[in-house]
>>> print(open('target.txt').read())   # compact mmCIF, C-alpha atoms and all ligand atoms
# COMPACT_ATOMS: atom_id res chain seq x y z
CA MET A 192 14.21 -0.28 11.39
CA LEU A 193 15.41 3.16 12.42
CA ILE A 194 13.17 6.09 11.60
CA ASN A 195 14.99 9.40 11.94
CA ILE A 196 13.25 12.24 13.73
CA LYS A 197 14.20 15.66 12.37
CA SER A 198 14.32 18.83 14.47
CA GLU A 199 12.41 21.94 13.41
CA ARG A 200 15.68 23.38 12.15
CA GLU A 201 16.37 20.30 10.03
CA ILE A 202 12.85 20.41 8.60
CA GLU A 203 13.39 24.03 7.61
CA LEU A 204 16.61 23.00 5.81
CA MET A 205 14.67 20.21 4.08
CA ARG A 206 11.96 22.68 3.08
CA GLN A 207 14.61 24.77 1.34
CA ALA A 208 15.79 21.67 -0.54
CA GLY A 209 12.16 20.88 -1.34
CA HIS A 210 11.55 24.40 -2.61
CA LEU A 211 14.44 24.14 -5.06
CA ASN A 212 12.99 20.79 -6.16
CA TYR A 213 9.65 22.56 -6.76
CA LEU A 214 11.30 25.42 -8.70
CA THR A 215 13.18 22.91 -10.85
CA HIS A 216 9.90 21.17 -11.72
CA GLU A 217 8.48 24.58 -12.71
CA GLU A 218 11.54 25.25 -14.90
CA ILE A 219 11.08 21.87 -16.62
CA LYS A 220 7.35 22.51 -17.11
CA LYS A 221 8.10 25.74 -19.00
CA ASN A 222 10.27 23.80 -21.45
CA LEU A 223 8.13 20.69 -21.99
CA ARG A 224 6.82 20.61 -25.55
CA PRO A 225 6.65 18.19 -28.47
CA GLY A 226 10.05 17.87 -30.16
CA ILE A 227 12.25 18.36 -27.10
CA THR A 228 14.38 15.34 -26.27
CA THR A 229 14.47 13.81 -22.82
CA LYS A 230 18.23 14.51 -22.75
CA GLN A 231 17.57 18.21 -23.32
CA ILE A 232 15.09 18.22 -20.41
CA ASP A 233 17.70 16.49 -18.25
CA LYS A 234 20.26 19.18 -19.05
CA ILE A 235 17.82 22.00 -18.25
CA ALA A 236 17.12 20.41 -14.85
CA HIS A 237 20.77 19.65 -14.14
CA ASP A 238 21.94 23.19 -14.95
CA TYR A 239 19.08 24.81 -13.01
CA ILE A 240 19.78 22.80 -9.85
CA ILE A 241 23.53 23.57 -9.99
CA LYS A 242 22.94 27.27 -10.74
CA ASN A 243 20.83 27.48 -7.58
CA GLY A 244 23.40 25.83 -5.33
CA GLY A 245 21.86 22.36 -5.21
CA ILE A 246 23.12 18.93 -6.15
CA PRO A 247 21.22 16.76 -8.67
CA SER A 248 21.62 13.72 -6.44
CA CYS A 249 20.07 11.16 -8.82
CA LEU A 250 23.21 11.61 -10.95
CA GLY A 251 25.49 8.73 -10.06
CA PHE A 252 23.09 7.29 -7.48
CA GLU A 253 23.76 3.55 -7.67
CA GLY A 254 25.22 4.38 -11.09
CA PHE A 255 22.15 6.18 -12.51
CA PRO A 256 23.51 8.05 -15.56
CA ALA A 257 21.41 11.25 -15.49
CA SER A 258 20.13 13.99 -13.18
CA ILE A 259 16.43 13.20 -13.50
CA CYS A 260 14.25 10.19 -14.34
CA ILE A 261 11.91 10.63 -17.32
CA SER A 262 9.39 7.85 -17.88
CA ILE A 263 7.03 7.99 -20.87
CA ASN A 264 3.67 6.18 -21.34
CA ASP A 265 4.17 2.52 -20.34
CA GLU A 266 7.38 3.41 -18.49
CA VAL A 267 6.54 3.53 -14.79
CA VAL A 268 9.68 5.02 -13.21
CA HIS A 269 13.48 5.36 -13.58
CA GLY A 270 13.47 6.08 -17.32
CA ILE A 271 16.89 7.27 -18.52
CA PRO A 272 17.00 10.53 -20.54
CA LYS A 273 18.19 9.92 -24.11
CA ASN A 274 17.61 11.21 -27.64
CA ARG A 275 13.90 10.29 -27.62
CA LYS A 276 11.64 13.21 -28.52
CA ILE A 277 8.51 14.03 -26.52
CA LYS A 278 5.46 13.93 -28.76
CA ASN A 279 1.80 14.89 -28.77
CA GLY A 280 -0.24 12.26 -26.93
CA ASP A 281 2.56 11.19 -24.59
CA ILE A 282 2.30 11.20 -20.82
CA VAL A 283 5.67 12.12 -19.32
CA SER A 284 6.63 11.42 -15.71
CA ILE A 285 9.46 13.49 -14.30
CA ASP A 286 10.98 12.36 -11.00
CA PHE A 287 14.13 13.57 -9.29
CA THR A 288 15.84 14.40 -6.04
CA VAL A 289 17.57 17.67 -5.19
CA ARG A 290 20.16 17.82 -2.43
CA LEU A 291 20.63 21.14 -0.62
CA ASN A 292 21.92 21.98 2.87
CA GLY A 293 22.96 18.32 3.19
CA TYR A 294 19.34 17.13 2.85
CA GLU A 295 17.43 15.39 0.08
CA SER A 296 14.08 16.28 -1.46
CA ASP A 297 12.14 13.99 -3.80
CA SER A 298 9.19 14.85 -6.02
CA ALA A 299 7.54 13.57 -9.20
CA ARG A 300 4.86 14.81 -11.58
CA THR A 301 3.24 13.37 -14.70
CA TYR A 302 2.45 15.72 -17.61
CA ILE A 303 0.02 15.22 -20.47
CA ILE A 304 1.50 16.40 -23.77
CA GLY A 305 -1.20 17.71 -26.11
CA SER A 306 -4.29 15.56 -26.21
CA VAL A 307 -4.84 12.05 -24.88
CA SER A 308 -7.86 9.78 -24.48
CA GLN A 309 -10.30 10.42 -21.63
CA GLU A 310 -9.09 7.29 -19.81
CA ILE A 311 -5.46 8.42 -19.89
CA GLU A 312 -6.47 11.88 -18.74
CA ASP A 313 -8.30 10.24 -15.83
CA LEU A 314 -5.30 8.02 -15.04
CA VAL A 315 -3.11 11.10 -14.57
CA LYS A 316 -5.73 13.08 -12.66
CA HIS A 317 -6.55 10.19 -10.35
CA THR A 318 -2.90 9.36 -9.66
CA GLU A 319 -2.31 12.94 -8.52
CA GLU A 320 -5.45 12.83 -6.40
CA ALA A 321 -4.33 9.48 -4.92
CA LEU A 322 -1.15 11.20 -3.73
CA TYR A 323 -3.22 13.85 -1.93
CA LYS A 324 -5.52 11.19 -0.43
CA GLY A 325 -2.38 9.64 1.07
CA ILE A 326 -0.92 12.96 2.24
CA LYS A 327 -4.17 13.89 4.02
CA GLU A 328 -3.74 10.88 6.32
CA VAL A 329 -0.40 12.15 7.66
CA ARG A 330 -0.34 13.19 11.32
CA PRO A 331 1.27 11.96 14.56
CA GLY A 332 -0.31 8.78 15.94
CA VAL A 333 -1.41 7.42 12.56
CA ARG A 334 0.22 4.36 10.99
CA ILE A 335 1.84 4.13 7.55
CA GLY A 336 -0.90 1.62 6.61
CA ASN A 337 -3.48 4.40 6.74
CA ILE A 338 -1.59 6.27 3.99
CA SER A 339 -1.20 3.06 1.98
CA ASN A 340 -4.84 2.14 2.37
CA ALA A 341 -6.11 5.60 1.39
CA ILE A 342 -4.09 5.46 -1.85
CA GLU A 343 -5.10 1.89 -2.67
CA THR A 344 -8.79 2.48 -1.92
CA TYR A 345 -8.89 5.57 -4.14
CA ALA A 346 -7.00 3.81 -6.97
CA LYS A 347 -9.31 0.78 -6.89
CA ALA A 348 -12.41 3.01 -6.83
CA HIS A 349 -11.19 4.44 -10.13
CA HIS A 350 -10.31 1.05 -11.62
CA LEU A 351 -6.58 1.70 -11.61
CA SER A 352 -4.01 -0.85 -10.50
CA VAL A 353 -1.31 -0.19 -7.92
CA VAL A 354 2.35 -1.02 -8.59
CA GLU A 355 3.59 -3.01 -5.59
CA GLU A 356 7.27 -3.54 -6.40
CA LEU A 357 8.20 0.10 -5.78
CA VAL A 358 7.23 2.09 -2.69
CA GLY A 359 7.58 5.47 -1.03
CA HIS A 360 10.17 5.91 1.69
CA GLY A 361 11.60 7.93 4.52
CA ILE A 362 13.98 10.68 3.41
CA GLY A 363 16.55 12.95 5.06
CA THR A 364 20.30 13.15 4.67
CA ASN A 365 19.80 10.03 2.52
CA MET A 366 17.48 9.75 -0.46
CA HIS A 367 15.99 6.52 0.86
CA GLU A 368 15.53 5.95 4.59
CA ASP A 369 13.15 3.89 6.73
CA PRO A 370 10.23 3.38 6.68
CA ASP A 371 8.84 1.96 3.43
CA VAL A 372 5.61 3.67 2.38
CA PRO A 373 3.70 1.17 0.19
CA ASN A 374 0.81 2.30 -1.99
CA TYR A 375 -1.36 -0.60 -0.83
CA GLY A 376 -2.10 -1.99 2.61
CA LYS A 377 -4.33 -2.07 5.64
CA LYS A 378 -5.32 0.72 8.01
CA ALA A 379 -3.74 0.70 11.48
CA GLN A 380 -0.81 -1.44 10.30
CA GLY A 381 2.87 -0.60 9.87
CA PRO A 382 5.09 1.96 11.60
CA LEU A 383 3.58 4.74 13.70
CA LEU A 384 4.04 8.31 12.47
CA LYS A 385 5.63 10.78 14.87
CA GLU A 386 6.27 14.51 14.70
CA GLY A 387 9.56 15.14 12.88
CA MET A 388 9.44 12.16 10.53
CA VAL A 389 9.80 12.98 6.84
CA ILE A 390 8.51 10.64 4.14
CA ALA A 391 8.20 10.59 0.35
CA ILE A 392 4.75 9.41 -0.73
CA GLU A 393 4.65 8.30 -4.36
CA PRO A 394 1.75 6.39 -5.91
CA MET A 395 2.50 4.66 -9.23
CA LEU A 396 -0.81 3.67 -10.87
CA ASN A 397 -1.46 1.75 -14.09
CA LEU A 398 -4.38 1.78 -16.49
CA GLY A 399 -3.94 -1.98 -17.07
CA LYS A 400 -2.57 -4.71 -14.84
CA ARG A 401 -0.33 -3.96 -11.86
CA ASN A 402 2.62 -6.08 -13.05
CA VAL A 403 5.88 -4.42 -14.07
CA CYS A 404 9.26 -5.50 -15.42
CA MET A 405 12.69 -3.97 -15.96
CA LEU A 406 14.19 -3.15 -19.35
CA GLU A 407 17.65 -4.33 -20.37
CA ASP A 408 19.14 -0.97 -19.39
CA ASN A 409 18.70 -2.26 -15.81
CA TRP A 410 16.86 0.92 -14.80
CA THR A 411 13.64 1.57 -16.70
CA ILE A 412 10.59 -0.06 -15.13
CA VAL A 413 7.72 -0.66 -17.59
CA THR A 414 4.26 -2.18 -17.31
CA GLU A 415 4.21 -5.81 -18.41
CA ASP A 416 1.07 -5.28 -20.50
CA SER A 417 2.41 -1.99 -21.99
CA SER A 418 -0.48 -0.02 -20.49
CA PRO A 419 0.19 3.60 -19.51
CA SER A 420 1.35 4.44 -15.99
CA ALA A 421 1.40 7.67 -13.97
CA HIS A 422 3.48 8.77 -10.97
CA PHE A 423 3.22 11.67 -8.51
CA GLU A 424 5.39 12.23 -5.46
CA HIS A 425 5.88 14.74 -2.66
CA THR A 426 8.24 14.90 0.30
CA VAL A 427 6.08 15.41 3.40
CA ALA A 428 7.00 16.19 7.02
CA VAL A 429 4.90 15.03 9.97
CA THR A 430 4.12 18.12 12.05
CA LYS A 431 2.60 18.52 15.51
CA ASP A 432 -0.93 18.65 14.17
CA GLY A 433 -0.69 17.17 10.69
CA TYR A 434 1.70 17.52 7.78
CA LYS A 435 3.70 19.94 5.72
CA ILE A 436 4.45 19.33 2.03
CA LEU A 437 8.13 20.24 1.61
CA THR A 438 8.23 19.98 -2.20
CA GLY A 439 5.23 22.23 -2.79
CA GLU A 440 5.38 25.94 -3.55
N1 LIG B 1 13.32 9.59 -7.17
C1 LIG B 1 13.27 8.16 -7.05
C2 LIG B 1 12.37 7.84 -5.88
O1 LIG B 1 11.28 8.34 -5.86
C3 LIG B 1 14.62 7.54 -6.95
C4 LIG B 1 15.37 7.67 -8.21
S1 LIG B 1 16.85 6.85 -8.05
C5 LIG B 1 17.64 7.15 -9.50
O2 LIG B 1 12.68 7.16 -4.94
F1 LIG B 1 18.81 6.70 -9.34
F2 LIG B 1 16.97 6.59 -10.47
F3 LIG B 1 17.67 8.42 -9.74
CO CO B 2 11.28 10.31 -6.68
CO CO B 3 10.92 8.67 -3.87
>>> encode(input="target.txt", output="structure tokens")
Amino acid sequence: MLINIKSEREIELMRQAGHLNYLTHEEIKKNLRPGITTKQIDKIAHDYIIKNGGIPSCLGFEGFPASICISINDEVVHGIPKNRKIKNGDIVSIDFTVRLNGYESDSARTYIIGSVSQEIEDLVKHTEEALYKGIKEVRPGVRIGNISNAIETYAKAHHLSVVEELVGHGIGTNMHEDPDVPNYGKKAQGPLLKEGMVIAIEPMLNLGKRNVCMLEDNWTIVTEDSSPSAHFEHTVAVTKDGYKILTGE
């Protein structure tokens, strides 16, 4: 395992990539409403990233056919934009990378469209909070397992299950670098965090069982029991005394 350490200059370049990722999410948010197709959302994101000098680096990544992943309800991650319309009562996860300055940024959000049941509202709220529980662990000298454990403990406390097959990751000039950042695990285990490491933390939590499977499109991951799933992600740098969220405002 080789964990890249980024210089302050590189982290500033990554922050710029992360900021464009953030702005693209905001642009998508403005356009999300019942009736819009996932393909239309993909085009809005694609054009916005290009217009601002970035590269929608999901496009063509291992053959992925779109610029962003859109995963609805029981879809966990890697949903492919198509002619499906967003409708009232859906939860819609939007996840994508933006490449700028030669560096990647990766962030995901889950939106509630119109009104949903209290338990689905809680699923989304608690998945976002689980991300922040993980982020708050980040500082030099702490192990990846502390992040994993904070996410898992919070998820379990709210009776949500943790997807284990997909994990967070290091990020830099490549979308996926070492180390893995699982959303379950034990404190004080795994790689040690050091100043200058950059990781993507991304809890995927389900209302039902943790098990997932892949659709025949060879991309979309869905829950086996068809229960709804939520996903939030930020790209986070380890700083001298803690962390900096690179995909925030
Ligand atoms: N953004 C995803 C992640 O969090 C990766 C998407 S790969 C793609 O790691 F090819 F589906 F875009
Ligand atoms: Co992502
Ligand atoms: Co990621």
>>> axis_aligned_box(input="target.txt", around="ligand LIG 1 (chain B)", padding_each_side="3 Å", output="AutoDock Vina command-line options")
--center_x 15.0 --center_y 8.1 --center_z -7.7 --size_x 13.5 --size_y 9.0 --size_z 11.5
>>> residues_near_ligand(input="target.txt", ligand="ligand LIG 1 (chain B)", cutoff="8 Å", atoms="only C-alpha atoms and all ligand atoms", output="PyMOL selection string")
chain A and resi 248-260+268-270+286-288+297-299+358-360+366-367+391+393+410+424
>>> closest_residue(input="target.txt", among="A:Gly376, A:Gly361, A:Gly399, A:Pro331", to="ligand CO 2 (chain B)", atoms="all atoms listed in the file")
A:Gly361
>>> residues_around(input="target.txt", residues="A:Asp313", least_positions_apart="5", cutoff="10 Å", atoms="all atoms listed in the file", output="PyMOL selection string")
chain A and resi 307-308+318-319+349+351+398
>>> atom_distance(input="target.txt", atom1="atom CA of A:Ser306", atom2="atom CA of A:Asp281")
8.3 Å
>>> closest_residue(input="target.txt", among="A:Ala341, A:Ile240, A:Val354, A:Met395", to="ligand CO 2 (chain B)", atoms="all atoms listed in the file")
A:Met395
>>> residues_near_point(input="target.txt", point="(-6.2, -0.6, 8.5)", cutoff="7 Å", atoms="only C-alpha atoms", output="VMD selection string")
chain A and resid 336 to 337 340 377 to 380
>>> write_last_selection(input="target.txt", atoms="C-alpha atoms", output="PDB file, keeping the file's coordinate frame")
ATOM      1  CA  GLY A 336      -0.900   1.620   6.610  1.00  0.00           C
ATOM      2  CA  ASN A 337      -3.480   4.400   6.740  1.00  0.00           C
ATOM      3  CA  ASN A 340      -4.840   2.140   2.370  1.00  0.00           C
ATOM      4  CA  LYS A 377      -4.330  -2.070   5.640  1.00  0.00           C
ATOM      5  CA  LYS A 378      -5.320   0.720   8.010  1.00  0.00           C
ATOM      6  CA  ALA A 379      -3.740   0.700  11.480  1.00  0.00           C
ATOM      7  CA  GLN A 380      -0.810  -1.440  10.300  1.00  0.00           C
TER       8      GLN A 380
END
>>> atom_distance(input="target.txt", atom1="atom CA of A:Cys404", atom2="atom CA of A:Val353")
14.0 Å
>>> residues_around(input="target.txt", residues="A:His216", least_positions_apart="4", cutoff="8 Å", atoms="only C-alpha atoms", output="list in words")
Asn212, Lys220 and Ala236 of chain A
>>> closest_residue(input="target.txt", among="A:Leu204, A:Ile390, A:Val289, A:Ile263", to="A:Tyr239", atoms="only C-alpha atoms")
A:Val289
>>> atom_distance(input="target.txt", atom1="atom CA of A:Gly381", atom2="atom CA of A:Lys435")
21.0 Å
>>> residues_around(input="target.txt", residues="A:Ile227", least_positions_apart="2", cutoff="10 Å", atoms="only C-alpha atoms", output="ChimeraX atom specification")
/A:222-225,229-232,274-278
>>> closest_residue(input="target.txt", among="A:His317, A:Arg334, A:His425, A:Lys385", to="ligand CO 3 (chain B)", atoms="all atoms listed in the file")
A:His425
